[in-house]
$ cat query.cif   # mmCIF, N, CA and C atoms and all ligand atoms
data_entry
loop_
_atom_site.label_atom_id
_atom_site.label_comp_id
_atom_site.auth_asym_id
_atom_site.auth_seq_id
_atom_site.Cartn_x
_atom_site.Cartn_y
_atom_site.Cartn_z
N MET A 1 -44.61 -27.86 1.56
CA MET A 1 -43.86 -27.75 2.83
C MET A 1 -44.54 -28.63 3.86
N SER A 2 -43.76 -29.45 4.53
CA SER A 2 -44.36 -30.35 5.51
C SER A 2 -44.55 -29.65 6.85
N GLU A 3 -45.37 -30.24 7.67
CA GLU A 3 -45.65 -29.68 8.99
C GLU A 3 -44.36 -29.57 9.81
N GLY A 4 -44.21 -28.49 10.52
CA GLY A 4 -43.06 -28.33 11.39
C GLY A 4 -41.90 -27.60 10.74
N GLN A 5 -41.97 -27.39 9.43
CA GLN A 5 -40.90 -26.63 8.79
C GLN A 5 -41.11 -25.16 9.06
N VAL A 6 -40.03 -24.43 9.09
CA VAL A 6 -40.09 -23.01 9.38
C VAL A 6 -39.46 -22.25 8.22
N THR A 7 -40.08 -21.15 7.86
CA THR A 7 -39.47 -20.30 6.83
C THR A 7 -39.25 -18.93 7.43
N ASP A 8 -38.40 -18.16 6.80
CA ASP A 8 -38.22 -16.79 7.24
C ASP A 8 -38.67 -15.87 6.12
N TRP A 9 -38.28 -14.60 6.19
CA TRP A 9 -38.73 -13.63 5.22
C TRP A 9 -38.27 -13.93 3.81
N SER A 10 -37.29 -14.84 3.64
CA SER A 10 -36.79 -15.12 2.31
C SER A 10 -37.78 -15.95 1.50
N ARG A 11 -38.92 -16.27 2.07
CA ARG A 11 -40.06 -16.87 1.37
C ARG A 11 -39.73 -18.21 0.72
N GLY A 12 -40.10 -19.25 1.39
CA GLY A 12 -39.99 -20.56 0.79
C GLY A 12 -38.70 -21.30 1.09
N LEU A 13 -37.72 -20.59 1.61
CA LEU A 13 -36.45 -21.24 1.91
C LEU A 13 -36.52 -21.83 3.31
N THR A 14 -36.44 -23.14 3.40
CA THR A 14 -36.52 -23.80 4.69
C THR A 14 -35.20 -23.63 5.44
N LEU A 15 -35.31 -23.19 6.66
CA LEU A 15 -34.11 -22.91 7.44
C LEU A 15 -34.18 -23.67 8.76
N LYS A 16 -34.38 -24.98 8.67
CA LYS A 16 -34.48 -25.76 9.89
C LYS A 16 -33.55 -26.96 9.79
N ALA A 17 -32.80 -27.21 10.87
CA ALA A 17 -31.92 -28.37 10.94
C ALA A 17 -32.30 -29.14 12.19
N GLY A 18 -32.91 -30.31 12.00
CA GLY A 18 -33.40 -31.05 13.16
C GLY A 18 -34.47 -30.23 13.84
N ASP A 19 -34.32 -30.03 15.14
CA ASP A 19 -35.29 -29.23 15.89
C ASP A 19 -34.95 -27.75 15.88
N TRP A 20 -33.85 -27.39 15.22
CA TRP A 20 -33.36 -26.02 15.33
C TRP A 20 -33.66 -25.20 14.09
N PHE A 21 -34.29 -24.08 14.30
CA PHE A 21 -34.48 -23.10 13.25
C PHE A 21 -33.16 -22.36 13.10
N ILE A 22 -32.63 -22.29 11.89
CA ILE A 22 -31.32 -21.69 11.72
C ILE A 22 -31.38 -20.42 10.87
N GLY A 23 -32.56 -19.81 10.85
CA GLY A 23 -32.70 -18.56 10.11
C GLY A 23 -32.12 -17.41 10.89
N LEU A 24 -32.39 -16.22 10.43
CA LEU A 24 -31.86 -15.03 11.07
C LEU A 24 -32.29 -14.96 12.52
N TYR A 25 -31.39 -14.52 13.37
CA TYR A 25 -31.68 -14.18 14.75
C TYR A 25 -32.05 -15.34 15.64
N GLN A 26 -31.90 -16.56 15.17
CA GLN A 26 -32.32 -17.68 15.99
C GLN A 26 -31.10 -18.41 16.54
N PRO A 27 -31.11 -18.72 17.83
CA PRO A 27 -29.96 -19.44 18.38
C PRO A 27 -29.91 -20.88 17.88
N SER A 28 -28.73 -21.35 17.62
CA SER A 28 -28.49 -22.77 17.38
C SER A 28 -27.81 -23.28 18.65
N PRO A 29 -27.63 -24.58 18.81
CA PRO A 29 -27.00 -25.07 20.04
C PRO A 29 -25.66 -24.41 20.31
N GLU A 30 -24.92 -24.08 19.25
CA GLU A 30 -23.58 -23.49 19.43
C GLU A 30 -23.65 -22.02 19.83
N THR A 31 -24.74 -21.34 19.51
CA THR A 31 -24.75 -19.88 19.66
C THR A 31 -25.68 -19.37 20.76
N VAL A 32 -26.22 -20.27 21.57
CA VAL A 32 -27.14 -19.83 22.63
C VAL A 32 -26.47 -18.78 23.53
N GLY A 33 -25.20 -18.99 23.89
CA GLY A 33 -24.50 -18.04 24.76
C GLY A 33 -24.34 -16.68 24.12
N TYR A 34 -24.16 -16.67 22.80
CA TYR A 34 -24.06 -15.40 22.07
C TYR A 34 -25.36 -14.63 22.18
N TRP A 35 -26.49 -15.31 21.95
CA TRP A 35 -27.79 -14.63 21.97
C TRP A 35 -28.20 -14.24 23.38
N GLU A 36 -27.79 -15.01 24.39
CA GLU A 36 -28.02 -14.59 25.78
C GLU A 36 -27.26 -13.29 26.03
N GLY A 37 -26.05 -13.17 25.48
CA GLY A 37 -25.27 -11.95 25.60
C GLY A 37 -25.96 -10.77 24.93
N VAL A 38 -26.51 -11.01 23.75
CA VAL A 38 -27.21 -9.92 23.05
C VAL A 38 -28.37 -9.42 23.90
N LYS A 39 -29.12 -10.35 24.49
CA LYS A 39 -30.25 -9.93 25.35
C LYS A 39 -29.77 -9.04 26.47
N ALA A 40 -28.56 -9.32 26.99
CA ALA A 40 -27.98 -8.52 28.08
C ALA A 40 -27.18 -7.33 27.54
N ARG A 41 -27.27 -7.10 26.23
CA ARG A 41 -26.51 -6.03 25.56
C ARG A 41 -25.01 -6.17 25.79
N GLU A 42 -24.56 -7.40 25.67
CA GLU A 42 -23.12 -7.70 25.74
C GLU A 42 -22.75 -8.48 24.48
N LEU A 43 -21.60 -8.12 23.91
CA LEU A 43 -21.08 -8.89 22.78
C LEU A 43 -20.18 -9.98 23.34
N ARG A 44 -20.55 -11.23 23.12
CA ARG A 44 -19.79 -12.36 23.66
C ARG A 44 -19.19 -13.19 22.54
N LEU A 45 -17.97 -13.65 22.77
CA LEU A 45 -17.26 -14.50 21.81
C LEU A 45 -16.91 -15.82 22.47
N ARG A 46 -16.68 -16.82 21.65
CA ARG A 46 -16.15 -18.08 22.16
C ARG A 46 -14.70 -17.84 22.56
N HIS A 47 -14.28 -18.54 23.61
CA HIS A 47 -12.95 -18.31 24.15
C HIS A 47 -12.37 -19.63 24.65
N CYS A 48 -11.11 -19.88 24.29
CA CYS A 48 -10.39 -21.05 24.82
C CYS A 48 -9.53 -20.58 25.99
N ALA A 49 -9.84 -21.07 27.18
CA ALA A 49 -9.11 -20.63 28.37
C ALA A 49 -7.65 -21.07 28.34
N SER A 50 -7.37 -22.27 27.82
CA SER A 50 -5.97 -22.73 27.86
C SER A 50 -5.10 -22.00 26.83
N CYS A 51 -5.66 -21.59 25.70
CA CYS A 51 -4.87 -20.86 24.69
C CYS A 51 -5.08 -19.35 24.79
N ASP A 52 -6.06 -18.91 25.57
CA ASP A 52 -6.46 -17.51 25.66
C ASP A 52 -6.69 -16.91 24.27
N ARG A 53 -7.47 -17.62 23.48
CA ARG A 53 -7.83 -17.14 22.14
C ARG A 53 -9.34 -17.01 22.02
N HIS A 54 -9.76 -16.02 21.25
CA HIS A 54 -11.18 -15.79 21.00
C HIS A 54 -11.56 -16.34 19.62
N PHE A 55 -12.81 -16.74 19.51
CA PHE A 55 -13.31 -17.29 18.24
C PHE A 55 -14.70 -16.75 17.94
N HIS A 56 -15.09 -16.90 16.68
CA HIS A 56 -16.43 -16.54 16.22
C HIS A 56 -17.46 -17.31 17.05
N PRO A 57 -18.63 -16.71 17.29
CA PRO A 57 -19.65 -17.38 18.12
C PRO A 57 -20.06 -18.77 17.61
N LYS A 58 -19.89 -19.05 16.34
CA LYS A 58 -20.30 -20.37 15.83
C LYS A 58 -19.17 -21.41 15.91
N ARG A 59 -17.99 -21.00 16.32
CA ARG A 59 -16.86 -21.94 16.41
C ARG A 59 -17.13 -22.92 17.54
N ILE A 60 -16.89 -24.21 17.31
CA ILE A 60 -17.18 -25.21 18.34
C ILE A 60 -15.93 -25.88 18.89
N VAL A 61 -14.78 -25.66 18.24
CA VAL A 61 -13.52 -26.18 18.78
C VAL A 61 -12.44 -25.10 18.65
N CYS A 62 -11.43 -25.18 19.52
CA CYS A 62 -10.30 -24.28 19.44
C CYS A 62 -9.41 -24.71 18.28
N THR A 63 -9.05 -23.79 17.40
CA THR A 63 -8.22 -24.14 16.24
C THR A 63 -6.76 -24.30 16.63
N GLU A 64 -6.40 -23.92 17.85
CA GLU A 64 -5.02 -24.09 18.32
C GLU A 64 -4.82 -25.46 18.95
N CYS A 65 -5.66 -25.77 19.97
CA CYS A 65 -5.44 -27.00 20.75
C CYS A 65 -6.50 -28.07 20.49
N GLY A 66 -7.56 -27.73 19.78
CA GLY A 66 -8.55 -28.72 19.41
C GLY A 66 -9.61 -29.00 20.47
N THR A 67 -9.54 -28.35 21.62
CA THR A 67 -10.54 -28.64 22.65
C THR A 67 -11.92 -28.12 22.23
N ASP A 68 -12.94 -28.83 22.70
CA ASP A 68 -14.30 -28.33 22.50
C ASP A 68 -14.83 -27.69 23.79
N LYS A 69 -13.93 -27.47 24.74
CA LYS A 69 -14.32 -26.83 26.01
C LYS A 69 -14.14 -25.31 25.88
N LEU A 70 -14.96 -24.69 25.07
CA LEU A 70 -14.88 -23.25 24.88
C LEU A 70 -15.90 -22.57 25.78
N ASP A 71 -15.49 -21.47 26.40
CA ASP A 71 -16.43 -20.71 27.21
C ASP A 71 -16.84 -19.46 26.45
N TRP A 72 -17.67 -18.65 27.07
CA TRP A 72 -18.10 -17.38 26.50
C TRP A 72 -17.42 -16.27 27.25
N LYS A 73 -16.88 -15.31 26.50
CA LYS A 73 -16.19 -14.19 27.13
C LYS A 73 -16.70 -12.90 26.49
N ARG A 74 -16.93 -11.90 27.35
CA ARG A 74 -17.40 -10.62 26.83
C ARG A 74 -16.29 -9.96 26.01
N ALA A 75 -16.62 -9.52 24.81
CA ALA A 75 -15.66 -8.84 23.94
C ALA A 75 -15.57 -7.38 24.32
N SER A 76 -14.46 -6.74 23.90
CA SER A 76 -14.29 -5.31 24.20
C SER A 76 -15.36 -4.47 23.52
N GLY A 77 -15.88 -4.98 22.41
CA GLY A 77 -16.85 -4.20 21.64
C GLY A 77 -16.20 -3.19 20.70
N ARG A 78 -14.88 -3.21 20.66
CA ARG A 78 -14.17 -2.28 19.77
C ARG A 78 -13.55 -3.05 18.59
N GLY A 79 -13.52 -2.36 17.45
CA GLY A 79 -12.93 -2.98 16.28
C GLY A 79 -12.80 -1.97 15.18
N GLU A 80 -12.56 -2.49 13.96
CA GLU A 80 -12.50 -1.59 12.82
C GLU A 80 -13.14 -2.25 11.62
N VAL A 81 -13.58 -1.41 10.70
CA VAL A 81 -14.27 -1.90 9.51
C VAL A 81 -13.28 -2.67 8.64
N TYR A 82 -13.62 -3.92 8.32
CA TYR A 82 -12.79 -4.75 7.44
C TYR A 82 -13.27 -4.60 5.99
N SER A 83 -14.60 -4.63 5.83
CA SER A 83 -15.19 -4.40 4.51
C SER A 83 -16.63 -3.96 4.73
N PHE A 84 -17.23 -3.34 3.73
CA PHE A 84 -18.62 -2.90 3.88
C PHE A 84 -19.27 -2.76 2.52
N SER A 85 -20.59 -2.72 2.55
CA SER A 85 -21.38 -2.52 1.33
C SER A 85 -22.62 -1.75 1.70
N GLU A 86 -22.99 -0.79 0.88
CA GLU A 86 -24.21 -0.01 1.13
C GLU A 86 -25.35 -0.66 0.36
N VAL A 87 -26.41 -1.00 1.08
CA VAL A 87 -27.55 -1.70 0.48
C VAL A 87 -28.59 -0.68 0.06
N HIS A 88 -28.91 -0.66 -1.23
CA HIS A 88 -29.92 0.27 -1.75
C HIS A 88 -31.20 -0.44 -2.14
N ARG A 89 -31.11 -1.73 -2.42
CA ARG A 89 -32.31 -2.49 -2.80
C ARG A 89 -32.68 -3.40 -1.64
N ALA A 90 -33.85 -3.18 -1.07
CA ALA A 90 -34.27 -3.95 0.10
C ALA A 90 -34.40 -5.43 -0.24
N PRO A 91 -33.86 -6.32 0.60
CA PRO A 91 -33.98 -7.75 0.33
C PRO A 91 -35.39 -8.28 0.56
N SER A 92 -36.21 -7.54 1.28
CA SER A 92 -37.62 -7.90 1.47
C SER A 92 -38.36 -6.62 1.83
N PRO A 93 -39.69 -6.62 1.74
CA PRO A 93 -40.45 -5.40 2.06
C PRO A 93 -40.15 -4.85 3.46
N ALA A 94 -39.79 -5.72 4.40
CA ALA A 94 -39.52 -5.27 5.77
C ALA A 94 -38.36 -4.27 5.83
N PHE A 95 -37.49 -4.31 4.84
CA PHE A 95 -36.31 -3.46 4.85
C PHE A 95 -36.46 -2.21 3.97
N ALA A 96 -37.63 -2.07 3.34
CA ALA A 96 -37.81 -0.99 2.37
C ALA A 96 -37.55 0.39 2.96
N ASP A 97 -38.01 0.62 4.18
CA ASP A 97 -37.82 1.94 4.79
C ASP A 97 -36.42 2.14 5.35
N ALA A 98 -35.63 1.10 5.41
CA ALA A 98 -34.29 1.19 6.01
C ALA A 98 -33.22 1.58 4.99
N THR A 99 -33.48 1.37 3.71
CA THR A 99 -32.45 1.63 2.70
C THR A 99 -32.23 3.13 2.53
N PRO A 100 -31.04 3.58 2.22
CA PRO A 100 -29.83 2.76 2.16
C PRO A 100 -29.28 2.51 3.56
N TYR A 101 -28.71 1.33 3.76
CA TYR A 101 -28.05 1.02 5.02
C TYR A 101 -26.74 0.29 4.71
N VAL A 102 -25.88 0.19 5.71
CA VAL A 102 -24.53 -0.32 5.47
C VAL A 102 -24.32 -1.61 6.28
N VAL A 103 -23.88 -2.65 5.59
CA VAL A 103 -23.53 -3.92 6.24
C VAL A 103 -22.08 -4.25 5.89
N GLY A 104 -21.51 -5.16 6.64
CA GLY A 104 -20.14 -5.56 6.30
C GLY A 104 -19.50 -6.35 7.42
N LEU A 105 -18.20 -6.44 7.33
CA LEU A 105 -17.42 -7.21 8.31
C LEU A 105 -16.65 -6.26 9.21
N VAL A 106 -16.69 -6.55 10.52
CA VAL A 106 -15.89 -5.82 11.48
C VAL A 106 -14.80 -6.77 11.99
N THR A 107 -13.58 -6.26 12.12
CA THR A 107 -12.51 -6.99 12.77
C THR A 107 -12.45 -6.52 14.21
N LEU A 108 -12.79 -7.39 15.14
CA LEU A 108 -12.78 -7.02 16.55
C LEU A 108 -11.35 -6.99 17.08
N GLU A 109 -11.15 -6.26 18.17
CA GLU A 109 -9.82 -6.23 18.80
C GLU A 109 -9.32 -7.63 19.14
N GLU A 110 -10.26 -8.53 19.38
CA GLU A 110 -9.91 -9.91 19.73
C GLU A 110 -9.49 -10.73 18.51
N GLY A 111 -9.54 -10.12 17.31
CA GLY A 111 -9.11 -10.82 16.11
C GLY A 111 -10.21 -11.56 15.38
N VAL A 112 -11.45 -11.47 15.89
CA VAL A 112 -12.57 -12.20 15.31
C VAL A 112 -13.29 -11.28 14.32
N HIS A 113 -13.74 -11.85 13.20
CA HIS A 113 -14.54 -11.11 12.23
C HIS A 113 -16.01 -11.45 12.41
N LEU A 114 -16.85 -10.41 12.42
CA LEU A 114 -18.30 -10.61 12.49
C LEU A 114 -18.96 -9.85 11.37
N PHE A 115 -20.03 -10.44 10.81
CA PHE A 115 -20.86 -9.71 9.86
C PHE A 115 -21.81 -8.85 10.67
N THR A 116 -22.03 -7.61 10.25
CA THR A 116 -22.80 -6.70 11.09
C THR A 116 -23.43 -5.59 10.26
N ARG A 117 -24.17 -4.77 10.95
CA ARG A 117 -24.72 -3.51 10.40
C ARG A 117 -23.88 -2.38 10.96
N PHE A 118 -23.51 -1.44 10.10
CA PHE A 118 -22.80 -0.24 10.55
C PHE A 118 -23.78 0.92 10.61
N VAL A 119 -23.71 1.68 11.70
CA VAL A 119 -24.63 2.80 11.91
C VAL A 119 -23.83 4.03 12.33
N GLY A 120 -24.50 5.16 12.35
CA GLY A 120 -23.90 6.35 12.93
C GLY A 120 -23.01 7.14 12.00
N GLY A 121 -23.20 6.99 10.71
CA GLY A 121 -22.42 7.81 9.79
C GLY A 121 -21.62 6.99 8.81
N PRO A 122 -20.98 7.68 7.89
CA PRO A 122 -20.23 6.96 6.85
C PRO A 122 -19.05 6.19 7.44
N VAL A 123 -18.74 5.06 6.82
CA VAL A 123 -17.58 4.26 7.23
C VAL A 123 -16.67 4.05 6.03
N ALA A 124 -15.45 3.72 6.32
CA ALA A 124 -14.47 3.33 5.31
C ALA A 124 -13.70 2.15 5.88
N ILE A 125 -12.96 1.47 5.05
CA ILE A 125 -12.12 0.38 5.55
C ILE A 125 -11.14 0.97 6.55
N GLY A 126 -11.12 0.38 7.75
CA GLY A 126 -10.24 0.88 8.80
C GLY A 126 -10.88 1.82 9.79
N THR A 127 -12.13 2.27 9.52
CA THR A 127 -12.82 3.14 10.47
C THR A 127 -12.97 2.43 11.82
N LYS A 128 -12.63 3.12 12.91
CA LYS A 128 -12.79 2.55 14.25
C LYS A 128 -14.28 2.56 14.60
N VAL A 129 -14.76 1.44 15.13
CA VAL A 129 -16.17 1.29 15.47
C VAL A 129 -16.31 0.64 16.84
N THR A 130 -17.47 0.90 17.47
CA THR A 130 -17.77 0.25 18.75
C THR A 130 -19.16 -0.36 18.67
N VAL A 131 -19.35 -1.40 19.44
CA VAL A 131 -20.63 -2.12 19.40
C VAL A 131 -21.72 -1.28 20.05
N ASP A 132 -22.92 -1.45 19.54
CA ASP A 132 -24.12 -0.85 20.10
C ASP A 132 -25.23 -1.89 19.84
N PHE A 133 -26.37 -1.69 20.42
CA PHE A 133 -27.46 -2.64 20.22
C PHE A 133 -28.70 -1.89 19.78
N ARG A 134 -29.34 -2.40 18.74
CA ARG A 134 -30.53 -1.76 18.18
C ARG A 134 -31.56 -2.81 17.84
N VAL A 135 -32.82 -2.43 17.96
CA VAL A 135 -33.89 -3.27 17.43
C VAL A 135 -33.97 -2.96 15.94
N LEU A 136 -33.70 -3.97 15.11
CA LEU A 136 -33.69 -3.75 13.66
C LEU A 136 -35.04 -4.09 13.03
N GLU A 137 -35.08 -4.10 11.72
CA GLU A 137 -36.33 -4.11 10.95
C GLU A 137 -37.26 -5.26 11.30
N LEU A 138 -36.73 -6.41 11.65
CA LEU A 138 -37.59 -7.56 11.91
C LEU A 138 -37.98 -7.64 13.39
N GLY A 139 -37.64 -6.58 14.15
CA GLY A 139 -38.09 -6.51 15.53
C GLY A 139 -37.18 -7.17 16.54
N ASN A 140 -35.97 -7.56 16.11
CA ASN A 140 -35.04 -8.24 17.02
C ASN A 140 -33.93 -7.31 17.45
N LEU A 141 -33.58 -7.40 18.72
CA LEU A 141 -32.41 -6.67 19.22
C LEU A 141 -31.16 -7.31 18.62
N MET A 142 -30.32 -6.49 18.01
CA MET A 142 -29.13 -6.99 17.32
C MET A 142 -27.93 -6.12 17.64
N PRO A 143 -26.74 -6.75 17.69
CA PRO A 143 -25.53 -5.94 17.80
C PRO A 143 -25.26 -5.23 16.46
N VAL A 144 -24.95 -3.96 16.54
CA VAL A 144 -24.53 -3.18 15.37
C VAL A 144 -23.24 -2.48 15.76
N PHE A 145 -22.57 -1.89 14.79
CA PHE A 145 -21.32 -1.17 15.12
C PHE A 145 -21.42 0.27 14.67
N ARG A 146 -21.07 1.15 15.61
CA ARG A 146 -21.19 2.59 15.41
C ARG A 146 -19.83 3.20 15.07
N ALA A 147 -19.82 4.01 14.02
CA ALA A 147 -18.57 4.68 13.65
C ALA A 147 -18.23 5.71 14.70
ZN ZN B 1 -7.15 -23.82 22.74
#

$ encode --input "query.cif" --output "structure tokens"
Amino acid sequence: MSEGQVTDWSRGLTLKAGDWFIGLYQPSPETVGYWEGVKARELRLRHCASCDRHFHPKRIVCTECGTDKLDWKRASGRGEVYSFSEVHRAPSPAFADATPYVVGLVTLEEGVHLFTRFVGGPVAIGTKVTVDFRVLELGNLMPVFRA
């Protein structure tokens, strides 16, 4: 591994693009506004003002009109479970005490899908959930969704 490369808990997998670390929890140029929102305990999505459409935080252009002038808009924080999986085998030692835990996709009221952690009890496809913020296993404040 050359100087300046960064690895995460996945051991040996380089997760750097140019000057940007693209591993877990790290902002990329496209997602800085999302992570600023997380710090403020707000869920923020990309938004096209002319089409009034919301997009995933990593989206860089509007799929309707093609503009790259997307702003950040606070999401309602409400959605429903689109899919989920219960994790029983920890992906790294840091997660050993957390298993079993539930991850999956939430469909937000704004129509955007996010990968997330589900907390607060059992979920099923279609369970109504709301955003919450928790410090997870690696010590980072993260948005999670509560049943
Ligand atoms: Zn647009």

$ atom_distance --input "query.cif" --atom1 "atom C of A:Ala75" --atom2 "atom N of A:Ser28"
20.3 Å

$ closest_residue --input "query.cif" --among "A:Cys48, A:Leu114, A:Ala94, A:Val131" --to "ligand ZN 1 (chain B)" --atoms "all atoms listed in the file"
A:Cys48

$ closest_residue --input "query.cif" --among "A:Arg146, A:Arg59, A:Arg134, A:Arg46" --to "A:Gly121" --atoms "all atoms listed in the file"
A:Arg146

$ closest_atom_pairs --input "query.cif" --of "chain A" --to "ligand ZN 1 (chain B)" --cutoff "8 Å" --atoms "all atoms listed in the file" --output "CSV"
residue,atom,partner,partner_atom,distance
A:His47,C,B:ZN1,ZN,7.0
A:Cys48,CA,B:ZN1,ZN,4.7
A:Ala49,N,B:ZN1,ZN,5.9
A:Ser50,C,B:ZN1,ZN,4.9
A:Cys51,N,B:ZN1,ZN,4.0
A:Asp52,N,B:ZN1,ZN,5.8
A:Arg53,N,B:ZN1,ZN,6.3
A:Val61,C,B:ZN1,ZN,6.8
A:Cys62,CA,B:ZN1,ZN,4.6
A:Thr63,N,B:ZN1,ZN,5.7
A:Glu64,C,B:ZN1,ZN,4.7
A:Cys65,N,B:ZN1,ZN,3.7
A:Gly66,N,B:ZN1,ZN,4.9
A:Thr67,N,B:ZN1,ZN,5.2
A:Asp68,N,B:ZN1,ZN,7.7
A:Lys69,C,B:ZN1,ZN,7.8

$ select_by_dssp --input "query.cif" --residues "chain A" --states "strand (DSSP E)" --output "VMD selection string"
chain A and resid 16 to 17 20 to 21 44 to 48 53 to 55 71 to 74 78 to 87 101 to 108 113 to 119 128 to 135 141 to 146

$ atom_distance --input "query.cif" --atom1 "atom CA of A:Phe145" --atom2 "atom CA of A:Tyr101"
12.3 Å

$ residues_near_point --input "query.cif" --point "(-16.9, -18.5, 17.6)" --cutoff "10 Å" --atoms "only C-alpha atoms" --output "JSON, numbers by chain"
{"A": [30, 31, 34, 44, 45, 46, 47, 54, 55, 56, 57, 58, 59, 60, 61, 62, 70, 71, 72, 112, 113, 114]}

$ atom_distance --input "query.cif" --atom1 "atom C of A:Ala40" --atom2 "atom N of A:Glu110"
18.8 Å

$ axis_aligned_box --input "query.cif" --around "stretch 33-47 of chain A" --padding-each-side "5 Å" --output "JSON"
{"center_x": -21.3, "center_y": -12.8, "center_z": 24.9, "size_x": 27.9, "size_y": 23.6, "size_z": 16.4}

$ closest_residue --input "query.cif" --among "A:Glu80, A:Glu42, A:Asp132, A:Glu86" --to "A:Thr107" --atoms "only C-alpha atoms"
A:Glu80

$ select_by_dssp --input "query.cif" --residues "chain A" --states "alpha helix (DSSP H)" --output "number ranges by chain"
A: 32-39
